[in-house]
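Next comes model-v3.csv, a file with CSV, C-alpha atoms and all ligand atoms.
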```csv
chain,number,residue,atom,x,y,z
A,1,MET,CA,5.2,59.0,20.0
A,2,ASN,CA,3.0,56.1,20.9
A,3,LEU,CA,1.5,56.3,17.5
A,4,THR,CA,4.9,56.3,15.7
A,5,ARG,CA,5.9,53.2,17.7
A,6,LYS,CA,2.8,51.4,16.8
A,7,TRP,CA,3.3,52.3,13.1
A,8,LEU,CA,6.9,51.1,13.3
A,9,GLY,CA,5.7,47.9,14.9
A,10,ASN,CA,3.2,47.4,12.2
A,11,LEU,CA,5.7,48.0,9.6
A,12,ARG,CA,8.1,45.5,11.2
A,13,SER,CA,5.6,42.8,11.4
A,14,ARG,CA,4.6,43.4,7.8
A,15,THR,CA,8.2,43.3,6.7
A,16,LEU,CA,8.6,40.0,8.6
A,17,ALA,CA,5.6,38.5,7.0
A,18,PHE,CA,6.9,39.6,3.6
A,19,LEU,CA,10.3,38.1,4.3
A,20,ALA,CA,8.7,34.9,5.4
A,21,LEU,CA,6.7,34.7,2.2
A,22,ALA,CA,9.8,35.5,0.1
A,23,ALA,CA,11.7,32.8,1.9
A,24,ALA,CA,8.9,30.2,1.4
A,25,ILE,CA,8.9,31.0,-2.4
A,26,CYS,CA,12.7,30.8,-2.5
A,27,PHE,CA,12.6,27.4,-0.7
A,28,THR,CA,9.9,26.0,-3.0
A,29,ALA,CA,11.9,27.2,-6.1
A,30,VAL,CA,15.0,25.5,-4.8
A,31,ALA,CA,13.2,22.3,-3.7
A,32,CYS,CA,11.6,22.1,-7.1
A,33,SER,CA,14.6,22.8,-9.2
A,34,GLY,CA,16.1,19.3,-8.7
A,35,GLY,CA,16.2,16.6,-11.4
A,36,ALA,CA,12.9,15.2,-12.9
A,37,GLU,CA,13.1,12.3,-10.5
A,38,SER,CA,13.1,14.3,-7.3
A,39,GLN,CA,10.7,17.0,-8.4
A,40,SER,CA,7.4,16.5,-6.6
A,41,THR,CA,8.4,14.4,-3.6
A,42,GLY,CA,10.2,17.4,-2.1
A,43,GLY,CA,13.7,16.3,-3.0
A,44,VAL,CA,13.4,12.7,-1.9
A,45,LYS,CA,13.7,10.2,-4.7
A,46,PRO,CA,10.3,8.6,-5.6
A,47,GLU,CA,12.0,5.2,-5.4
A,48,LEU,CA,12.8,5.9,-1.7
A,49,VAL,CA,9.3,7.2,-1.0
A,50,ALA,CA,7.8,4.1,-2.4
A,51,ASP,CA,10.2,1.9,-0.4
A,52,TYR,CA,9.2,3.7,2.8
A,53,ILE,CA,5.5,3.4,2.1
A,54,HIS,CA,5.9,-0.3,1.3
A,55,THR,CA,7.8,-0.8,4.6
A,56,ALA,CA,5.0,0.9,6.5
A,57,LEU,CA,2.3,-1.1,4.8
A,58,ALA,CA,4.1,-4.5,5.1
A,59,SER,CA,4.8,-3.8,8.8
A,60,ASP,CA,1.2,-3.0,9.6
A,61,ARG,CA,0.0,-6.1,7.9
A,62,THR,CA,2.6,-8.3,9.8
A,63,ALA,CA,1.7,-6.6,13.1
A,64,TYR,CA,-2.0,-7.2,12.5
A,65,THR,CA,-1.4,-10.8,11.6
A,66,LYS,CA,0.9,-11.5,14.5
A,67,HIS,CA,-0.8,-9.5,17.3
A,68,VAL,CA,-4.5,-9.7,16.3
A,69,VAL,CA,-5.3,-12.5,13.9
A,70,ASN,CA,-2.9,-14.9,15.7
A,71,ARG,CA,-4.7,-14.3,19.0
A,72,ALA,CA,-8.0,-15.4,17.6
A,73,LYS,CA,-9.1,-18.9,18.6
A,74,LYS,CA,-10.3,-19.7,15.1
A,75,LEU,CA,-9.0,-19.1,11.6
A,76,GLU,CA,-11.5,-19.7,8.8
A,77,GLY,CA,-13.4,-22.4,10.7
A,78,LYS,CA,-10.3,-24.2,12.1
A,79,PRO,CA,-9.2,-23.9,15.7
A,80,LYS,CA,-5.9,-22.1,16.3
A,81,GLU,CA,-3.8,-23.7,19.0
A,82,ASP,CA,-2.1,-20.4,20.1
A,83,GLY,CA,-5.4,-18.4,20.1
A,84,VAL,CA,-6.6,-16.7,23.2
A,85,LEU,CA,-9.6,-14.7,22.1
A,86,GLU,CA,-13.1,-16.0,21.4
A,87,VAL,CA,-13.2,-14.7,17.9
A,88,GLU,CA,-12.8,-16.0,14.4
A,89,ALA,CA,-10.6,-14.4,11.6
A,90,THR,CA,-12.7,-15.1,8.5
A,91,GLU,CA,-13.3,-13.8,5.0
A,92,GLY,CA,-17.0,-13.6,5.9
A,93,TRP,CA,-16.3,-11.3,8.9
A,94,GLU,CA,-19.0,-8.8,8.0
A,95,ASN,CA,-21.7,-11.4,8.2
A,96,SER,CA,-20.4,-13.1,11.3
A,97,ASN,CA,-18.9,-12.1,14.6
A,98,GLY,CA,-15.5,-12.3,13.0
A,99,ILE,CA,-12.6,-10.1,12.2
A,100,PRO,CA,-11.1,-9.5,8.7
A,101,LEU,CA,-8.2,-11.5,7.3
A,102,PRO,CA,-5.0,-9.6,6.8
A,103,ALA,CA,-5.5,-9.1,3.1
A,104,GLN,CA,-9.0,-7.7,3.7
A,105,MET,CA,-7.6,-5.4,6.4
A,106,PHE,CA,-5.1,-4.2,3.9
A,107,ARG,CA,-7.8,-3.6,1.2
A,108,LEU,CA,-10.0,-1.7,3.7
A,109,GLY,CA,-7.1,0.7,4.4
A,110,SER,CA,-6.3,1.1,0.7
A,111,GLU,CA,-9.9,2.0,-0.1
A,112,ILE,CA,-9.9,4.7,2.5
A,113,ALA,CA,-6.5,6.1,1.3
A,114,SER,CA,-7.7,6.4,-2.3
A,115,GLU,CA,-11.0,8.1,-1.5
A,116,ASP,CA,-9.7,11.6,-2.1
A,117,SER,CA,-6.1,11.2,-3.3
A,118,ALA,CA,-4.4,10.3,-6.6
A,119,PHE,CA,-1.9,8.3,-4.5
A,120,THR,CA,-3.1,4.7,-4.4
A,121,TYR,CA,-1.9,1.2,-3.3
A,122,ASN,CA,-3.3,-2.3,-3.6
A,123,LEU,CA,-2.6,-5.9,-3.3
A,124,ILE,CA,-2.7,-7.8,-6.7
A,125,SER,CA,-2.1,-11.3,-7.9
A,126,THR,CA,-2.2,-13.3,-11.1
A,127,TRP,CA,-4.1,-16.0,-9.0
A,128,TYR,CA,-6.5,-13.6,-7.4
A,129,ILE,CA,-9.4,-14.7,-5.1
A,130,ASN,CA,-11.0,-11.2,-5.1
A,131,ASP,CA,-11.9,-10.0,-8.7
A,132,ALA,CA,-10.8,-6.5,-7.8
A,133,GLN,CA,-7.3,-7.7,-7.2
A,134,GLY,CA,-6.2,-9.1,-10.6
A,135,PRO,CA,-3.5,-7.2,-12.6
A,136,LYS,CA,-5.6,-5.0,-14.9
A,137,SER,CA,-3.5,-2.4,-16.8
A,138,GLU,CA,-0.7,-3.3,-19.2
A,139,PHE,CA,1.7,-1.8,-16.6
A,140,GLU,CA,0.4,-4.1,-13.8
A,141,LYS,CA,0.5,-7.2,-16.0
A,142,LYS,CA,4.1,-6.4,-17.0
A,143,ALA,CA,5.2,-5.6,-13.5
A,144,MET,CA,3.5,-8.7,-12.0
A,145,ALA,CA,5.2,-10.9,-14.6
A,146,GLU,CA,8.6,-9.4,-13.8
A,147,VAL,CA,8.2,-9.8,-10.1
A,148,GLU,CA,7.1,-13.4,-10.5
A,149,LYS,CA,10.2,-14.0,-12.6
A,150,THR,CA,12.8,-12.3,-10.5
A,151,GLY,CA,11.2,-12.3,-7.0
A,152,GLU,CA,12.5,-8.6,-6.8
A,153,PRO,CA,10.5,-5.3,-6.8
A,154,PHE,CA,9.7,-3.7,-10.2
A,155,ARG,CA,9.8,0.1,-10.4
A,156,ASP,CA,9.0,2.4,-13.3
A,157,TYR,CA,7.3,5.6,-14.4
A,158,GLN,CA,3.9,5.5,-16.1
A,159,GLU,CA,1.2,7.8,-17.5
A,160,VAL,CA,-2.4,7.3,-16.5
A,161,GLY,CA,-5.1,9.7,-17.7
A,162,GLY,CA,-2.5,12.3,-18.6
A,163,LYS,CA,-0.9,12.2,-15.2
A,164,GLN,CA,2.7,11.1,-14.5
A,165,TYR,CA,3.2,8.4,-11.8
A,166,PHE,CA,6.0,6.6,-10.3
A,167,SER,CA,4.9,3.1,-9.6
A,168,ALA,CA,6.5,0.1,-7.8
A,169,LEU,CA,5.3,-3.5,-7.3
A,170,TYR,CA,6.8,-5.4,-4.4
A,171,PRO,CA,6.7,-9.2,-4.2
A,172,ASP,CA,4.2,-10.7,-1.7
A,173,LYS,CA,5.7,-14.0,-0.8
A,174,ALA,CA,4.4,-17.1,1.0
A,175,VAL,CA,6.2,-16.4,4.3
A,176,ALA,CA,4.1,-18.7,6.4
A,177,GLU,CA,2.5,-22.2,5.9
A,178,ALA,CA,-0.9,-20.5,6.5
A,179,CYS,CA,-0.6,-18.4,3.3
A,180,VAL,CA,-0.1,-21.5,1.2
A,181,THR,CA,-2.8,-23.7,2.8
A,182,CYS,CA,-5.5,-21.1,3.0
A,183,HIS,CA,-5.0,-20.0,-0.7
A,184,ASN,CA,-4.5,-23.6,-2.1
A,185,THR,CA,-7.7,-24.8,-0.4
A,186,HIS,CA,-9.9,-21.7,-1.0
A,187,PRO,CA,-12.9,-22.8,-3.2
A,188,ILE,CA,-12.4,-19.9,-5.6
A,189,HIS,CA,-8.7,-20.7,-6.0
A,190,LYS,CA,-9.5,-24.4,-6.6
A,191,GLU,CA,-12.1,-23.6,-9.2
A,192,ARG,CA,-10.1,-21.0,-11.1
A,193,TYR,CA,-6.6,-22.2,-10.8
A,194,PRO,CA,-6.7,-26.0,-10.1
A,195,ASP,CA,-3.2,-26.4,-11.4
A,196,LYS,CA,-1.7,-23.6,-9.3
A,197,VAL,CA,-0.4,-25.0,-6.0
A,198,PHE,CA,1.5,-22.5,-4.0
A,199,LYS,CA,4.7,-23.6,-2.1
A,200,MET,CA,6.6,-21.8,0.7
A,201,ASP,CA,8.5,-18.7,-0.5
A,202,ASP,CA,6.6,-18.5,-3.8
A,203,VAL,CA,5.6,-15.1,-5.1
A,204,MET,CA,1.8,-15.1,-4.5
A,205,GLY,CA,1.2,-11.6,-5.7
A,206,GLY,CA,2.5,-8.1,-5.1
A,207,VAL,CA,1.9,-4.8,-3.4
A,208,MET,CA,1.4,-2.0,-6.0
A,209,ILE,CA,2.2,1.6,-5.0
A,210,ASN,CA,1.3,4.5,-7.3
A,211,ILE,CA,2.8,7.9,-6.5
A,212,PRO,CA,1.5,10.9,-8.5
A,213,LEU,CA,4.3,13.2,-9.5
A,214,GLU,CA,2.5,16.5,-10.1
A,215,GLY,CA,0.6,16.9,-6.9
A,216,ALA,CA,-2.7,15.2,-6.2
A,301,LIG,C1,-7.2,-17.8,6.2
A,301,LIG,C2,-7.0,-17.6,4.8
A,301,LIG,C3,-5.9,-16.8,4.3
A,301,LIG,C4,-4.6,-16.7,4.7
A,301,LIG,C5,-4.0,-17.3,5.9
A,301,LIG,C6,-3.9,-15.8,3.8
A,301,LIG,N1,-4.7,-15.4,2.8
A,301,LIG,FE1,-4.3,-14.2,1.2
A,301,LIG,N2,-6.2,-13.9,0.8
A,301,LIG,C7,-7.2,-14.7,1.4
A,301,LIG,C8,-8.5,-14.2,0.9
A,301,LIG,C9,-9.9,-14.7,1.3
A,301,LIG,C10,-8.2,-13.1,0.0
A,301,LIG,C11,-9.2,-12.2,-0.8
A,301,LIG,C12,-9.5,-11.1,0.2
A,301,LIG,C13,-10.3,-9.9,-0.3
A,301,LIG,O1,-11.5,-10.1,-0.5
A,301,LIG,O2,-9.6,-8.9,-0.5
A,301,LIG,C14,-6.7,-13.0,0.0
A,301,LIG,C15,-6.0,-12.1,-0.8
A,301,LIG,C16,-4.7,-12.2,-1.0
A,301,LIG,C17,-3.9,-11.5,-2.1
A,301,LIG,C18,-4.5,-10.6,-3.1
A,301,LIG,C19,-5.0,-11.3,-4.3
A,301,LIG,C20,-6.3,-12.1,-4.1
A,301,LIG,O3,-6.2,-13.3,-4.0
A,301,LIG,O4,-7.4,-11.5,-4.1
A,301,LIG,C21,-2.6,-11.8,-1.9
A,301,LIG,C22,-1.5,-11.4,-2.8
A,301,LIG,C23,-2.5,-12.7,-0.8
A,301,LIG,N3,-3.8,-12.9,-0.3
A,301,LIG,C24,-1.3,-13.3,-0.3
A,301,LIG,C25,-1.3,-13.9,1.0
A,301,LIG,C26,0.0,-14.2,1.7
A,301,LIG,C27,1.4,-13.8,1.2
A,301,LIG,C28,-0.4,-14.7,2.9
A,301,LIG,C29,0.5,-15.1,4.0
A,301,LIG,C30,1.4,-14.1,4.6
A,301,LIG,C31,-1.8,-14.9,2.9
A,301,LIG,N4,-2.3,-14.4,1.7
A,301,LIG,C32,-2.6,-15.5,3.9
A,301,LIG,C33,-7.1,-15.7,2.3
A,301,LIG,C34,-6.0,-15.9,3.0
```

Step by step, read the file and then write its structure as structure tokens.
Ligand code: HEC
Amino acid sequence: MNLTRKWLGNLRSRTLAFLALAAAICFTAVACSGGAESQSTGGVKPELVADYIHTALASDRTAYTKHVVNRAKKLEGKPKEDGVLEVEATEGWENSNGIPLPAQMFRLGSEIASEDSAFTYNLISTWYINDAQGPKSEFEKKAMAEVEKTGEPFRDYQEVGGKQYFSALYPDKAVAEACVTCHNTHPIHKERYPDKVFKMDDVMGGVMINIPLEGA
């Protein structure tokens, strides 16, 4: 009697496990049977996924600027009136007692994110200070030119190394006077682009987001 009950119980749990597996397969099949656009992002359009990621990245950068960098008493050698912390936000933070600039903080995050994933993001510009941040591929060059022309995001599919990606470039604009002054007076900027003088609201570069469509 006891044995029969145990056997029945076993059978029941096995049946349940089987049903759960069948349901999971069914779900995957349904989730993956959408249009080409919604395939590998689980039914959410890649445009929307890229928009959400961009919102998160931009918000983190703004929060770091507002609530960390702005509290430093010094920004790149100059005193900051509203600063309260004995620290300097500086490009040379690694060799001083400083903290990274927002663009550097952004790059540090992007380097960690791309370590073991085909999903990547980075900050690029036609007038780059850091050599790693110039538009490189034909896609990046075209996207950057479009964003500079329209001031709007550029989104398209692309193939890289046999893999399909959905990529989007979002404008990075001069939203504060500090963006303009720091870049215009940077020694590398002055040497490379003496004729490029940024003004408020100019497109200074863009945030590139690459979402692999066939799993990482
Ligand atoms: C105090 C100086 C400073 C300020 C303020 C500043 N930047 Fe930068 N920015 C830099 C430096 C230095 C780099 C290169 C950092 C690196 O090594 O990744 C950079 C990188 C960038 C890049 C990537 C391309 C490149 O030049 O390598 C963009 C785009 C950019 N900044 C836009 C902005 C915008 C927009 C603002 C304002 C919201 C801003 N920056 C504020 C110094 C500054």

Using 6 Å as the limit and counting all atoms listed in the file, can you tabulate each residue of chain A that touches ligand LIG 301 (chain A), with its shortest atom-to-atom distance in Å and the two atoms involved, as a tab-separated table?
```
residue	atom	partner	partner_atom	distance
A:Leu75	CA	A:LIG301	C1	5.8
A:Glu76	CA	A:LIG301	C1	5.4
A:Glu91	CA	A:LIG301	C9	5.1
A:Ala103	CA	A:LIG301	C15	4.9
A:Gln104	CA	A:LIG301	O2	4.4
A:Arg107	CA	A:LIG301	O2	5.8
A:Leu123	CA	A:LIG301	C18	5.1
A:Ile124	CA	A:LIG301	C19	4.8
A:Ser125	CA	A:LIG301	C19	4.6
A:Tyr128	CA	A:LIG301	O3	3.4
A:Ile129	CA	A:LIG301	O3	3.7
A:Asn130	CA	A:LIG301	O4	3.7
A:Gln133	CA	A:LIG301	O4	4.9
A:Asp172	CA	A:LIG301	C27	5.1
A:Lys173	CA	A:LIG301	C27	4.7
A:Ala174	CA	A:LIG301	C27	4.5
A:Val175	CA	A:LIG301	C30	5.3
A:Ala176	CA	A:LIG301	C29	5.6
A:Ala178	CA	A:LIG301	C5	4.5
A:Cys179	CA	A:LIG301	C29	3.5
A:Cys182	CA	A:LIG301	C2	4.2
A:His183	CA	A:LIG301	C34	5.6
A:Met204	CA	A:LIG301	C22	5.2
A:Gly205	CA	A:LIG301	C22	4.0
A:Gly206	CA	A:LIG301	C22	5.7
```

- Task: Please identify all polymer residues within 12 Å of Lys73 (chain A), counting all atoms listed in the file, omitting same-chain residues fewer than 6 positions from it, and present them as a ChimeraX atom specification.
- Result: /A:79-90,98-99

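The coordinates place CA of Met208 (chain A) at 9.7 Å from CA of Pro135 (chain A).
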
- Query: Please, what distance in Å, to one decimal, runs between CA of Asn122 (chain A) and CA of Pro194 (chain A)?
  - Reply: 24.8 Å

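For the atom pair formed by CA of Asn97 (chain A) and CA of Ile188 (chain A), the distance is 22.6 Å, given to one decimal.
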
Per-residue nearest contacts region 186-214 of chain A to region 49-59 of chain A, cut-off 12 Å, using only C-alpha atoms, as CSV:
```
residue,atom,partner,partner_atom,distance
A:Gly206,CA,A:His54,CA,10.6
A:Val207,CA,A:His54,CA,7.6
A:Met208,CA,A:His54,CA,8.7
A:Ile209,CA,A:Ala50,CA,6.7
A:Asn210,CA,A:Ala50,CA,8.1
A:Ile211,CA,A:Ala50,CA,7.5
A:Pro212,CA,A:Ala50,CA,11.1
A:Leu213,CA,A:Val49,CA,11.5
```

- Message: I need the residue nearest Glu191 (chain A) from this list: A:Trp127, A:Glu152, A:Thr62, A:Gly134. Use only C-alpha atoms for the distance.
- Response: A:Trp127
